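S.K.: Sending over a structure as structure tokens; questions will come in a sec.
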Number of protein chains: 2
Amino acid sequence: MDSVLQFHVIPGIPLVKAGDDLVAILLAGLARLPVLLQDGDILVLAQKIVSKAEGRLIPLADVTPGPRAIELATETDKDPRLVQLILDESTEVMRKKPGVLIMRHRLGNVGAHAGIDQSNIEHAGGECALLLPIDPDESARRMRAAVADATGRQCGVIIADSMNRAWRLGTIGGTIGCAGVKVLDDLRGTHDLFGRELKVTIINRVDSLAATACLLMGESVQQTPAVLIQGLPPDDSTQSAQDLVRPVAEDMFR
Amino acid sequence: MDSVLQFHVIPGIPLVKAGDDLVAILLAGLARLPVLLQDGDILVLAQKIVSKAEGRLIPLADVTPGPRAIELATETDKDPRLVQLILDESTEVMRKKPGVLIMRHRLGNVGAHAGIDQSNIEHAGGECALLLPIDPDESARRMRAAVADATGRQCGVIIADSMNRAWRLGTIGGTIGCAGVKVLDDLRGTHDLFGRELKVTIINRVDSLAATACLLMGESVQQTPAVLIQGLPPDDSTQSAQDLVRPVAEDMFR
């Protein structure tokens with residue numbers, strides 16, 4: 001890794017609609033930056049724009065809650081139609097209390113509402129909820145390939161979402177899908193400065209990058225859902241965001 | 001926030017010993033960067049160098065384990081002297097199994113070994129363990145004031161440590177102490193792009209920054225325990241890392 005990393009907000013990203021070509025939108029934004037795309041650069045996209053482009057915006061009026069959703073909605077003081085969508089996207093209720101519903105998403109990530117969001121989405125046609133992409137790693141791989149086709153550059157792609165944590169307040173960005181980025185740097189078996197073997201050090205590289213990128217995107221009125229990271233060497237890793245998920249069998253906080 | 005953030009590794013930081021003047025060391029390193037320190041810049045320091053400078057390196061030979069440490073050491077297959085130090089630094093055993101001991105540190109952070117580390121520390125005089133600083137927020141405040149005295153610049157200071165997470169593999173950097181940085185950006189009550197009120201959005205700014213800074217520091221043979229972040233506006237926040245800790249009463253994963 002170089003000794004300087006730069007995070008650039010990609011300007012001019014319009015509101016994204018189902019069917020939009022995100023790579024074309026990103027490239028138009030990148031053309032407005034004072035820097036040129038390099039091999040090894042990473043494009044970080046907010047989950048929101050990927051989900052919208054992939055048509056994952058669901059009108060709540062189209063959802064019929066079943067008995068389990070109605071029961072859980074009563075317990076947690078939430079809209080039963082929203083709870084039905086959450087259940088459909090999840091494998092396990094982790095914790096619940098009035099106002100709080102913490103789920104294990106089918107992709108393995110644990111968090112409030114299984115990543116389903118109701119902010120920054122158009123709701124002219126009634127209330128909607130935005131689901132995560134079907135397969136964010138595959139979405140990232142497709143975008144990486146499309147960027148390479150259009151520019152000749154081998155870039156990484158991270159699809160990031162803000163996440164809650166059990167013991168710390170405030171959200172930070174994490175990675176739900178990625179391509180062309182080494183996800184985990186496994187230092188086990190290497191040695192520290194004094195020759196002591198590092199036993200348990202595995203560094204989560206993509207979440208470390210997604211965190212700052214999401215901070216820079218902001219979360220409120222700013223409309224900056226994409227960030228370019230420069231300063232990393234070219235990377236042809238085939239790891240994916242699925243490699244970040246701690247297996248259920250190793251979960252001590254289930 | 002500006003639309004570009006830069007993370008610079010601060011070069012030439014020597015091995016730090018108890019009693020060293022970290023601010024003098026940092027300023028010497030900063031003088032070797034091609035950029036000048038600005039108001040609002042943030043200095044991120046690895047916990048390790050702060051702990052070492054503050055004399056928190058403890059020879060295990062000096063520790064006499066009590067009955068509880070001996071019992072817990074047997075259960076978790078660890079050195080009873082190390083376990084005694086971990087207990088002394090903690091308020092609660094969160095989870096344990098052979099090879100794993102997850103604690104709530106007296107500062108509130110939950111993680112393996114209560115943040116006590118045995119890598120990248122000198123052990124010429126026998127095995128040692130490195131404890132966290134006594135009061136990392138106060139350490140950060142002192143360094144912020146000393147930097148202002150020496151340079152006239154109002155900079156933020158973050159003391160960062162790598163942290164494990166319950167459901168995601170790999171460590172990321174988090175903040176154990178800080179000064180002059182807005183820690184949590186509380187957007188509750190503000191409105192999204194479409195006028196919908198944001199109900200639960202609080203962004204953890206310092207952990208988002210610490211994550212990328214720690215990645216850039218590396219964890220193995222590189223000796224780069226300090227990073228300069230440029231691109232943020234001046235910040236006179238009086239929040240501290242203690243503001244990040246979810247109160248025990250709200251912990252659903254105890």
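In the structure tokens, chains take letters A, B, ... by order of appearance, with residues numbered from 1 within each chain and ligands from 1 in the order shown.
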At a cut-off of 7 Å, can you tabulate as a Markdown table every residue of chain A near chain B together with its closest atom pair and the distance in Å to one decimal, using only C-alpha atoms and ordering rows by chain then number?

M.R.:
| residue | atom | partner | partner_atom | distance |
| --- | --- | --- | --- | --- |
| A:Ser3 | CA | B:Val9 | CA | 5.1 |
| A:Val4 | CA | B:His8 | CA | 4.6 |
| A:Leu5 | CA | B:Phe7 | CA | 5.0 |
| A:Gln6 | CA | B:Gln6 | CA | 4.6 |
| A:Phe7 | CA | B:Leu5 | CA | 5.0 |
| A:His8 | CA | B:Val4 | CA | 4.6 |
| A:Val9 | CA | B:Ser3 | CA | 5.2 |
| A:Val110 | CA | B:Trp167 | CA | 6.7 |
| A:Ser119 | CA | B:Asp192 | CA | 6.3 |
| A:Asn120 | CA | B:Asp192 | CA | 5.3 |
| A:Ile121 | CA | B:Phe194 | CA | 6.9 |
| A:Glu122 | CA | B:Phe194 | CA | 6.5 |
| A:Ala166 | CA | B:Phe253 | CA | 6.6 |
| A:Trp167 | CA | B:Arg246 | CA | 5.2 |
| A:Arg168 | CA | B:Val245 | CA | 5.0 |
| A:Leu169 | CA | B:Leu244 | CA | 5.0 |
| A:Gly170 | CA | B:Asn204 | CA | 4.3 |
| A:Thr171 | CA | B:Ile203 | CA | 4.8 |
| A:Ile172 | CA | B:Ser208 | CA | 5.8 |
| A:Leu184 | CA | B:Gly170 | CA | 6.4 |
| A:His191 | CA | B:Ser220 | CA | 6.7 |
| A:Asp192 | CA | B:Ser220 | CA | 5.1 |
| A:Leu193 | CA | B:Val221 | CA | 5.2 |
| A:Phe194 | CA | B:Asn120 | CA | 6.0 |
| A:Arg196 | CA | B:Ser119 | CA | 6.6 |
| A:Leu198 | CA | B:Ser119 | CA | 6.7 |
| A:Ile202 | CA | B:Gly170 | CA | 4.7 |
| A:Ile203 | CA | B:Gly170 | CA | 4.6 |
| A:Asn204 | CA | B:Gly170 | CA | 4.3 |
| A:Arg205 | CA | B:Leu215 | CA | 6.6 |
| A:Ser208 | CA | B:Ala211 | CA | 4.6 |
| A:Leu209 | CA | B:Thr212 | CA | 5.5 |
| A:Ala211 | CA | B:Ser208 | CA | 4.6 |
| A:Thr212 | CA | B:Ser208 | CA | 4.9 |
| A:Leu215 | CA | B:Ser208 | CA | 6.4 |
| A:Ser220 | CA | B:Asp192 | CA | 5.1 |
| A:Val221 | CA | B:Leu193 | CA | 5.2 |
| A:Leu244 | CA | B:Leu169 | CA | 5.0 |
| A:Val245 | CA | B:Arg168 | CA | 4.9 |
| A:Arg246 | CA | B:Arg168 | CA | 5.0 |
| A:Asp251 | CA | B:Trp167 | CA | 6.7 |
| A:Phe253 | CA | B:Phe253 | CA | 6.2 |

S.K.: Using DSSP on the backbone coordinates, identify the residues of segment 20-252 of chain B assigned to alpha helix (DSSP H); present them as an NGL selection string.

M.R.: :B and (22-30 or 47-53 or 67-76 or 80-88 or 136-151 or 205-217)

S.K.: Identify, on the basis of only C-alpha atoms, every residue whose closest approach to Leu27 of chain B does not exceed 10 Å; exclude the query and any residue fewer than 4 positions from it along the same chain; express the result as a ChimeraX atom specification.

M.R.: /B:10,13,22-23,31-32,37,147,150-151

S.K.: I'd like the neighbourhood of Asp137 of chain A as number ranges by chain, where a residue qualifies if any of its atoms comes within 6 Å (using only C-alpha atoms), though same-chain residues fewer than 3 positions away should be ignored.

M.R.: A: 140, 177-178

S.K.: May I have the residues from that selection written out with N, CA and C atoms, as a compact mmCIF listing (two decimals), in the first residue's frame?

M.R.:
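Now in part_22.txt:
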# COMPACT_ATOMS: atom_id res chain seq x y z
N ALA A 140 -21.18 -6.24 -7.80
CA ALA A 140 -19.85 -5.59 -7.81
C ALA A 140 -18.98 -6.18 -8.91
N GLY A 177 -20.97 -6.05 -0.57
CA GLY A 177 -20.57 -6.73 -1.79
C GLY A 177 -19.31 -6.09 -2.32
N CYS A 178 -18.45 -6.89 -2.97
CA CYS A 178 -17.24 -6.29 -3.52
C CYS A 178 -16.60 -7.20 -4.55

S.K.: What gap, in Å, lies between atom CA of Ala114 of chain A and atom CA of Glu89 of chain A?

M.R.: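 Those two atoms sit 6.7 Å apart.
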
S.K.: DSSP says strand (DSSP E or B) for which residues of segment 5-90 of chain B? Put them as a count of residues only?

M.R.: 14

S.K.: Please list as a CSV table (one decimal) with N, CA and C atoms, in the first residue's frame every residue within 12 Å of Asp20 of chain A, counting only C-alpha atoms and excluding residues in the same chain fewer than 2 positions away.

M.R.:
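Contents of around_7.csv, freshly written:
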chain,number,residue,atom,x,y,z
A,13,ILE,N,-23.7,12.8,-9.2
A,13,ILE,CA,-24.5,11.5,-9.3
A,13,ILE,C,-26.0,11.9,-9.2
A,14,PRO,N,-26.8,11.7,-10.2
A,14,PRO,CA,-28.2,12.1,-10.1
A,14,PRO,C,-29.0,11.1,-9.2
A,15,LEU,N,-30.3,11.4,-9.0
A,15,LEU,CA,-31.1,10.4,-8.3
A,15,LEU,C,-31.2,9.2,-9.2
A,16,VAL,N,-31.1,8.0,-8.7
A,16,VAL,CA,-31.0,6.8,-9.5
A,16,VAL,C,-32.4,6.1,-9.5
A,17,LYS,N,-32.7,5.6,-10.7
A,17,LYS,CA,-34.0,4.9,-10.8
A,17,LYS,C,-33.8,3.5,-11.3
A,18,ALA,N,-34.8,2.6,-11.1
A,18,ALA,CA,-34.7,1.2,-11.6
A,18,ALA,C,-34.3,1.2,-13.0
A,22,LEU,N,-25.6,2.2,-13.8
A,22,LEU,CA,-24.8,2.9,-12.8
A,22,LEU,C,-23.4,3.1,-13.2
A,23,VAL,N,-22.8,2.2,-14.0
A,23,VAL,CA,-21.4,2.4,-14.5
A,23,VAL,C,-21.3,3.7,-15.4
A,24,ALA,N,-22.3,3.8,-16.3
A,24,ALA,CA,-22.3,5.1,-17.1
A,24,ALA,C,-22.4,6.3,-16.2
A,25,ILE,N,-23.2,6.2,-15.2
A,25,ILE,CA,-23.4,7.4,-14.3
A,25,ILE,C,-22.1,7.6,-13.5
A,26,LEU,N,-21.4,6.6,-13.0
A,26,LEU,CA,-20.2,6.7,-12.3
A,26,LEU,C,-19.1,7.3,-13.2
A,49,ILE,N,-28.0,3.2,-4.0
A,49,ILE,CA,-28.1,3.4,-5.5
A,49,ILE,C,-28.0,2.1,-6.2
A,50,VAL,N,-27.3,1.1,-5.7
A,50,VAL,CA,-27.3,-0.2,-6.4
A,50,VAL,C,-28.7,-0.9,-6.3
A,51,SER,N,-29.2,-0.8,-5.1
A,51,SER,CA,-30.6,-1.4,-4.9
A,51,SER,C,-31.6,-0.7,-5.8
A,52,LYS,N,-31.5,0.6,-5.8
A,52,LYS,CA,-32.5,1.3,-6.7
A,52,LYS,C,-32.3,0.9,-8.1
A,53,ALA,N,-31.1,0.9,-8.6
A,53,ALA,CA,-30.9,0.6,-10.0
A,53,ALA,C,-31.4,-0.8,-10.4
A,54,GLU,N,-31.3,-1.7,-9.3
A,54,GLU,CA,-31.7,-3.1,-9.6
A,54,GLU,C,-33.2,-3.3,-9.3
A,55,GLY,N,-33.9,-2.2,-9.0
A,55,GLY,CA,-35.4,-2.3,-8.9
A,55,GLY,C,-35.8,-3.0,-7.6

S.K.: Can you tell me how far atom CA of Ala226 of chain A sits from atom CA of Thr175 of chain A, in Å to one decimal?

M.R.: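 Taking atom CA of Ala226 of chain A as the start and atom CA of Thr175 of chain A as the end point, the length is 13.5 Å.
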
S.K.: For atom CA of Val181 of chain A and atom CA of His113 of chain A, determine how far apart the two atoms are, in Å to one decimal place.

M.R.: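 Answer for the atom CA of Val181 of chain A to atom CA of His113 of chain A separation: 27.4 Å.
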
S.K.: So that I can check the surroundings of Leu82 of chain B, please list as an MDAnalysis selection string every protein, DNA and RNA residue that reaches within 12 Å of it, counting only C-alpha atoms and ignoring chain neighbours fewer than 6 positions away.

M.R.: chainID B and resid 58:66 69:70 72:74 76 88:89 101 113:118 127:131
